[in-house]
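S.K.: Have a look at this one before I ask anything.
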Amino acid sequence: HTHKEGFRMYYEKKEKDKYTWFNIHMPIQQKNEQLNYQRNKLDTLIYQRNWIFQPDMTFIRKTNNFNREYEVHYSTEINTPDMAKMVNIRDDSNPLAIQLGNPNLKNTNKQNFSVSFSDRQPEQQKFFNTYIEVSVVGNQVANGFTYDPATGVYTFRPENVDGNWNMYAKVGYGNGIDKEKHWNYETLTSWNYNRNVDLTAVSGSTQSSLSQVDNYRTEEKLKLNYQQGALKLGVNGQVLWNYATSERENFQTINAYDFSYGATAEYKLFKKIDFASDIKMFYRRGYGDPNMNTNSLVWNGSVGYSFLNDKMMMRLEGFDLLHQLTSVQYYVNGQGKTESWHNTIPSYVMLHLIYRLNFNPKKK
């Protein structure tokens with residue numbers, strides 16, 4: 001049962017070429033939860049009562065004929081723990097992986113703060129934007145454990161951990177090059193820092209220990225575009241640097257790079273047939289797992305034909321025509337570990353048949 005009360009105040013002012021918006025919301029929520037838990041010989045009823053306060057505030061200011069925008073935002077998010085994890089039970093259905101409940105789990109809270117600025121000059125194909133966001137998470141739920149080397153039994157129990165936080169910043173810029181506005185370029189630079197705190201295993205230890213990993217991610221994207229009539233061309237490049245370090249025992253520092261470059265092309269012929277193609281070379285270097293240090297040349301293409309007065313379109317699309325991608329993909333998570341997923345179709349050819357059906361309102 002949830003009961004909400006709150007206070008909201010906002011200010012809005014519209015002018016000829018300006019706009020101002022300010023909003024502050026202070027909701028108070030009473031959340032009553034009840035779980036009737038029955039399992040084998042256990043029959044218990046547990047309650048959880050919380051008063052939750054989640055304020056949020058937004059300020060937006062637009063000037064210069066609405067092309068320049070400032071925005072500030074703050075919000076709070078509180079999540080109550082899963083009550084099934086709070087039942088004081090001992091689940092030994094798997095005798096080598098016993099699961100315990102924790103009736104003392106606390107609410108997870110997240111604080112978000114962001115600032116952004118953007119400025120556009122459409123007549124010059126020029127834009128600039130920047131964005132900064134900071135998030136702090138308290139009482140994140142992690143899965144701790146103990147290990148008995150004599151029996152080989154693990155005993156798991158959820159616990160609250162503190163110290164998780166994240167900071168993200170980016171700057172984007174673009175501009176036209178020639179007077180005819182055929183050429184333009186774009187650049188995007190971003191930086192991300194993540195302090196990831198979790199409970200993990202250390203070699204030789206019989207219980208989980210607190211692990212703090214600092215993850216740094218820096219990325220640069222560049223694009224050069226050309227357009228004249230029905231012809232569109234582009235070249236692009238991207239460099240991504242991942243760096244993860246920790247004082248945890250036996251942690252392997254990650255200092256890796258992902259970079260790529262490629263080209264795109266689009267052309268429309270006789271207003272009925274259009275062609276599109278893109279090709280990109282991907283490189284991954286510096287990862288401890290050799291399976292992650294890969295080279296992949298990916299080429300995609302499509303051709304479309306419109307008929308019946310453009311109401312119907314047929315398109316033939318080919319993805320990964322050179323069969324360079326694999327069905328196994330590798331990632332690095334916040335604790336510096338790799339994970340793989342297999343449910344993908346890396347290369348395919350597909351025929352699309354599209355019919356546009358429009359109903360226009362009757363004129364009065």
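Quick note on naming: the chains in the structure tokens go A, B, ... in the order shown, residues restart at 1 in each chain, and ligands are numbered from 1 in order of appearance.
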Please return, as a PyMOL selection string, all residues of region 103-191 of chain A that DSSP assigns to strand (DSSP E or B) on the basis of the backbone.
M.R.: chain A and resi 108-121+126-138+140-148+153-161+164-176+183-191
S.K.: Can you tell me which residues surround Tyr11 (chain A) at a distance of at most 9 Å, considering only C-alpha atoms, apart from same-chain residues fewer than 5 positions away, and format the answer as a ChimeraX atom specification?
M.R.: /A:20-23
S.K.: Please write the residues from the selection above to a file, keeping N, CA, C and O atoms, as a compact mmCIF listing (two decimals), in the first residue's frame.
M.R.:
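Contents of result12.txt, freshly written:
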# COMPACT_ATOMS: atom_id res chain seq x y z
N THR A 20 11.69 30.55 -19.82
CA THR A 20 12.21 30.21 -18.51
C THR A 20 11.27 29.22 -17.83
O THR A 20 10.05 29.42 -17.84
N TRP A 21 11.85 28.18 -17.24
CA TRP A 21 11.07 27.17 -16.54
C TRP A 21 11.82 26.76 -15.27
O TRP A 21 13.00 26.45 -15.31
N PHE A 22 11.10 26.79 -14.15
CA PHE A 22 11.68 26.30 -12.89
C PHE A 22 10.64 25.44 -12.20
O PHE A 22 9.48 25.83 -12.08
N ASN A 23 11.06 24.27 -11.75
CA ASN A 23 10.14 23.33 -11.12
C ASN A 23 10.82 22.70 -9.91
O ASN A 23 11.96 22.24 -9.99
S.K.: For Arg285 (chain A), find every residue with an atom within 10 Å (counting only C-alpha atoms), except residues of its own chain fewer than 5 positions away, and show them as number ranges by chain.
M.R.: A: 241, 255-259, 290, 292-295
S.K.: Output C-alpha atoms for every residue in the selection just made, as a compact mmCIF listing (two decimals), in the first residue's frame.
M.R.:
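Output saved as again-v5.txt:
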# COMPACT_ATOMS: atom_id res chain seq x y z
CA TRP A 241 40.47 4.33 -23.75
CA ASN A 255 44.79 -0.42 -19.85
CA ALA A 256 43.01 -1.00 -23.15
CA TYR A 257 42.04 0.82 -26.33
CA ASP A 258 39.17 0.41 -28.76
CA PHE A 259 39.44 2.39 -31.99
CA PRO A 290 43.51 -12.52 -25.83
CA MET A 292 39.13 -9.59 -26.58
CA ASN A 293 42.02 -8.25 -28.71
CA THR A 294 40.28 -8.50 -32.08
CA ASN A 295 40.19 -6.96 -35.57
S.K.: I'd like the contact shell of Asp148 (chain A) - 12 Å cut-off, only C-alpha atoms, skipping same-chain residues fewer than 6 positions apart - returned as a PDB file with all heavy atoms, in the first residue's frame.
M.R.:
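What landed in selection-v7.pdb:
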ATOM      1  N   LEU A  96      25.805 -27.130  -2.085  1.00  0.00           N
ATOM      2  CA  LEU A  96      27.115 -26.498  -2.251  1.00  0.00           C
ATOM      3  C   LEU A  96      27.013 -24.980  -2.368  1.00  0.00           C
ATOM      4  O   LEU A  96      28.043 -24.298  -2.398  1.00  0.00           O
ATOM      5  CB  LEU A  96      27.818 -27.063  -3.489  1.00  0.00           C
ATOM      6  CG  LEU A  96      28.172 -28.554  -3.429  1.00  0.00           C
ATOM      7  CD1 LEU A  96      28.854 -28.984  -4.723  1.00  0.00           C
ATOM      8  CD2 LEU A  96      29.075 -28.850  -2.232  1.00  0.00           C
ATOM      9  N   ALA A  97      25.796 -24.448  -2.448  1.00  0.00           N
ATOM     10  CA  ALA A  97      25.582 -22.996  -2.557  1.00  0.00           C
ATOM     11  C   ALA A  97      24.367 -22.635  -1.710  1.00  0.00           C
ATOM     12  O   ALA A  97      23.250 -22.541  -2.217  1.00  0.00           O
ATOM     13  CB  ALA A  97      25.393 -22.575  -4.005  1.00  0.00           C
ATOM     14  N   ILE A  98      24.599 -22.444  -0.425  1.00  0.00           N
ATOM     15  CA  ILE A  98      23.521 -22.145   0.519  1.00  0.00           C
ATOM     16  C   ILE A  98      23.229 -20.642   0.489  1.00  0.00           C
ATOM     17  O   ILE A  98      24.142 -19.815   0.494  1.00  0.00           O
ATOM     18  CB  ILE A  98      23.928 -22.587   1.935  1.00  0.00           C
ATOM     19  CG1 ILE A  98      24.165 -24.107   1.948  1.00  0.00           C
ATOM     20  CG2 ILE A  98      22.863 -22.196   2.953  1.00  0.00           C
ATOM     21  CD1 ILE A  98      24.730 -24.618   3.250  1.00  0.00           C
ATOM     22  N   TYR A 154      29.717 -23.003  -0.291  1.00  0.00           N
ATOM     23  CA  TYR A 154      29.618 -21.549  -0.259  1.00  0.00           C
ATOM     24  C   TYR A 154      28.296 -21.173   0.415  1.00  0.00           C
ATOM     25  O   TYR A 154      27.256 -21.781   0.139  1.00  0.00           O
ATOM     26  CB  TYR A 154      29.632 -20.966  -1.674  1.00  0.00           C
ATOM     27  CG  TYR A 154      30.997 -20.946  -2.321  1.00  0.00           C
ATOM     28  CD1 TYR A 154      31.449 -22.027  -3.071  1.00  0.00           C
ATOM     29  CD2 TYR A 154      31.825 -19.833  -2.193  1.00  0.00           C
ATOM     30  CE1 TYR A 154      32.699 -22.006  -3.680  1.00  0.00           C
ATOM     31  CE2 TYR A 154      33.075 -19.801  -2.799  1.00  0.00           C
ATOM     32  CZ  TYR A 154      33.504 -20.889  -3.537  1.00  0.00           C
ATOM     33  OH  TYR A 154      34.733 -20.870  -4.129  1.00  0.00           O
ATOM     34  N   THR A 155      28.331 -20.150   1.250  1.00  0.00           N
ATOM     35  CA  THR A 155      27.131 -19.622   1.881  1.00  0.00           C
ATOM     36  C   THR A 155      27.007 -18.153   1.506  1.00  0.00           C
ATOM     37  O   THR A 155      27.880 -17.340   1.843  1.00  0.00           O
ATOM     38  CB  THR A 155      27.192 -19.772   3.413  1.00  0.00           C
ATOM     39  OG1 THR A 155      27.356 -21.156   3.745  1.00  0.00           O
ATOM     40  CG2 THR A 155      25.909 -19.256   4.048  1.00  0.00           C
ATOM     41  N   PHE A 156      25.929 -17.814   0.802  1.00  0.00           N
ATOM     42  CA  PHE A 156      25.737 -16.455   0.279  1.00  0.00           C
ATOM     43  C   PHE A 156      24.728 -15.690   1.131  1.00  0.00           C
ATOM     44  O   PHE A 156      23.761 -16.271   1.638  1.00  0.00           O
ATOM     45  CB  PHE A 156      25.249 -16.513  -1.171  1.00  0.00           C
ATOM     46  CG  PHE A 156      26.222 -17.144  -2.116  1.00  0.00           C
ATOM     47  CD1 PHE A 156      26.162 -18.496  -2.403  1.00  0.00           C
ATOM     48  CD2 PHE A 156      27.208 -16.379  -2.720  1.00  0.00           C
ATOM     49  CE1 PHE A 156      27.058 -19.083  -3.283  1.00  0.00           C
ATOM     50  CE2 PHE A 156      28.114 -16.960  -3.599  1.00  0.00           C
ATOM     51  CZ  PHE A 156      28.033 -18.317  -3.876  1.00  0.00           C
ATOM     52  N   GLY A 204      42.523 -17.516  -1.964  1.00  0.00           N
ATOM     53  CA  GLY A 204      43.006 -17.997  -0.681  1.00  0.00           C
ATOM     54  C   GLY A 204      42.157 -17.592   0.494  1.00  0.00           C
ATOM     55  O   GLY A 204      42.389 -18.060   1.616  1.00  0.00           O
ATOM     56  N   SER A 205      41.150 -16.719   0.281  1.00  0.00           N
ATOM     57  CA  SER A 205      40.317 -16.242   1.376  1.00  0.00           C
ATOM     58  C   SER A 205      39.075 -17.114   1.510  1.00  0.00           C
ATOM     59  O   SER A 205      38.575 -17.665   0.532  1.00  0.00           O
ATOM     60  CB  SER A 205      39.909 -14.790   1.143  1.00  0.00           C
ATOM     61  OG  SER A 205      39.029 -14.341   2.153  1.00  0.00           O
ATOM     62  N   THR A 206      38.554 -17.229   2.738  1.00  0.00           N
ATOM     63  CA  THR A 206      37.357 -18.035   2.982  1.00  0.00           C
ATOM     64  C   THR A 206      36.095 -17.194   3.056  1.00  0.00           C
ATOM     65  O   THR A 206      35.026 -17.714   3.366  1.00  0.00           O
ATOM     66  CB  THR A 206      37.514 -18.829   4.292  1.00  0.00           C
ATOM     67  OG1 THR A 206      37.722 -17.909   5.379  1.00  0.00           O
ATOM     68  CG2 THR A 206      38.688 -19.788   4.203  1.00  0.00           C
ATOM     69  N   GLN A 207      36.191 -15.886   2.789  1.00  0.00           N
ATOM     70  CA  GLN A 207      35.008 -15.039   2.777  1.00  0.00           C
ATOM     71  C   GLN A 207      35.211 -13.884   1.813  1.00  0.00           C
ATOM     72  O   GLN A 207      36.343 -13.530   1.470  1.00  0.00           O
ATOM     73  CB  GLN A 207      34.698 -14.503   4.177  1.00  0.00           C
ATOM     74  CG  GLN A 207      35.773 -13.609   4.749  1.00  0.00           C
ATOM     75  CD  GLN A 207      35.408 -13.127   6.141  1.00  0.00           C
ATOM     76  OE1 GLN A 207      34.465 -13.598   6.752  1.00  0.00           O
ATOM     77  NE2 GLN A 207      36.173 -12.175   6.652  1.00  0.00           N
TER      78      GLN A 207
END
S.K.: Counting only C-alpha atoms, which of A:Arg39, A:Ser260, A:His3, A:Asn112 gets nearest to Ser93 (chain A)?
M.R.: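 Closest to Ser93 (chain A) of all the choices is A:Arg39.
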S.K.: Looking at only C-alpha atoms, which of A:Met312, A:Met26, A:Ala84, A:Ile60 is the one that sits closest to Ile46 (chain A)?
M.R.: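 Comparing A:Met312, A:Met26, A:Ala84, A:Ile60 against Ile46 (chain A), the winner is A:Ala84.
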S.K.: Name all residues at most 10 Å from Gly138 (chain A) (count only C-alpha atoms; drop same-chain ones fewer than 2 positions away) and give them as JSON, numbers by chain.
M.R.: {"A": [78, 106, 107, 108, 109, 110, 111, 136, 140, 141, 160, 161, 162, 163, 164, 165]}
S.K.: Using only C-alpha atoms, determine which residues lie at most 10 Å from Tyr348 (chain A), disregarding the query and same-chain residues fewer than 6 positions distant; provide the list as a list of chain:residue names.
M.R.: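 With the cut-off at 10 Å, the set is A:Asn300, A:Glu317, A:Gly318, A:Phe319, A:Asp320, A:Leu321, A:His323.
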S.K.: Could you take the residues named above and write them with N, CA, C and O atoms, as a compact mmCIF listing (two decimals), in the first residue's frame?
M.R.:
# COMPACT_ATOMS: atom_id res chain seq x y z
N ASN A 300 28.21 -3.19 -44.31
CA ASN A 300 26.76 -3.31 -44.43
C ASN A 300 26.30 -2.58 -45.69
O ASN A 300 26.92 -1.60 -46.12
N GLU A 317 18.49 -5.69 -47.43
CA GLU A 317 19.53 -5.24 -46.49
C GLU A 317 20.48 -6.39 -46.18
O GLU A 317 20.07 -7.53 -45.93
N GLY A 318 21.76 -6.08 -46.19
CA GLY A 318 22.78 -7.06 -45.81
C GLY A 318 23.63 -6.52 -44.68
O GLY A 318 24.14 -5.39 -44.75
N PHE A 319 23.78 -7.31 -43.61
CA PHE A 319 24.57 -6.90 -42.44
C PHE A 319 25.77 -7.83 -42.28
O PHE A 319 25.64 -9.05 -42.38
N ASP A 320 26.94 -7.26 -42.06
CA ASP A 320 28.19 -8.01 -41.90
C ASP A 320 28.41 -8.91 -43.11
O ASP A 320 28.53 -10.14 -43.00
N LEU A 321 28.51 -8.29 -44.27
CA LEU A 321 28.64 -9.05 -45.52
C LEU A 321 29.96 -9.81 -45.61
O LEU A 321 30.07 -10.78 -46.37
N HIS A 323 31.36 -11.37 -43.01
CA HIS A 323 31.36 -12.40 -41.97
C HIS A 323 32.54 -12.24 -41.00
O HIS A 323 33.25 -13.20 -40.70
S.K.: Between A:Asp289, A:Glu123, A:Asp56, A:Glu247, which has the minimum distance to Lys337 (chain A) (counting only C-alpha atoms)?
M.R.: A:Asp289
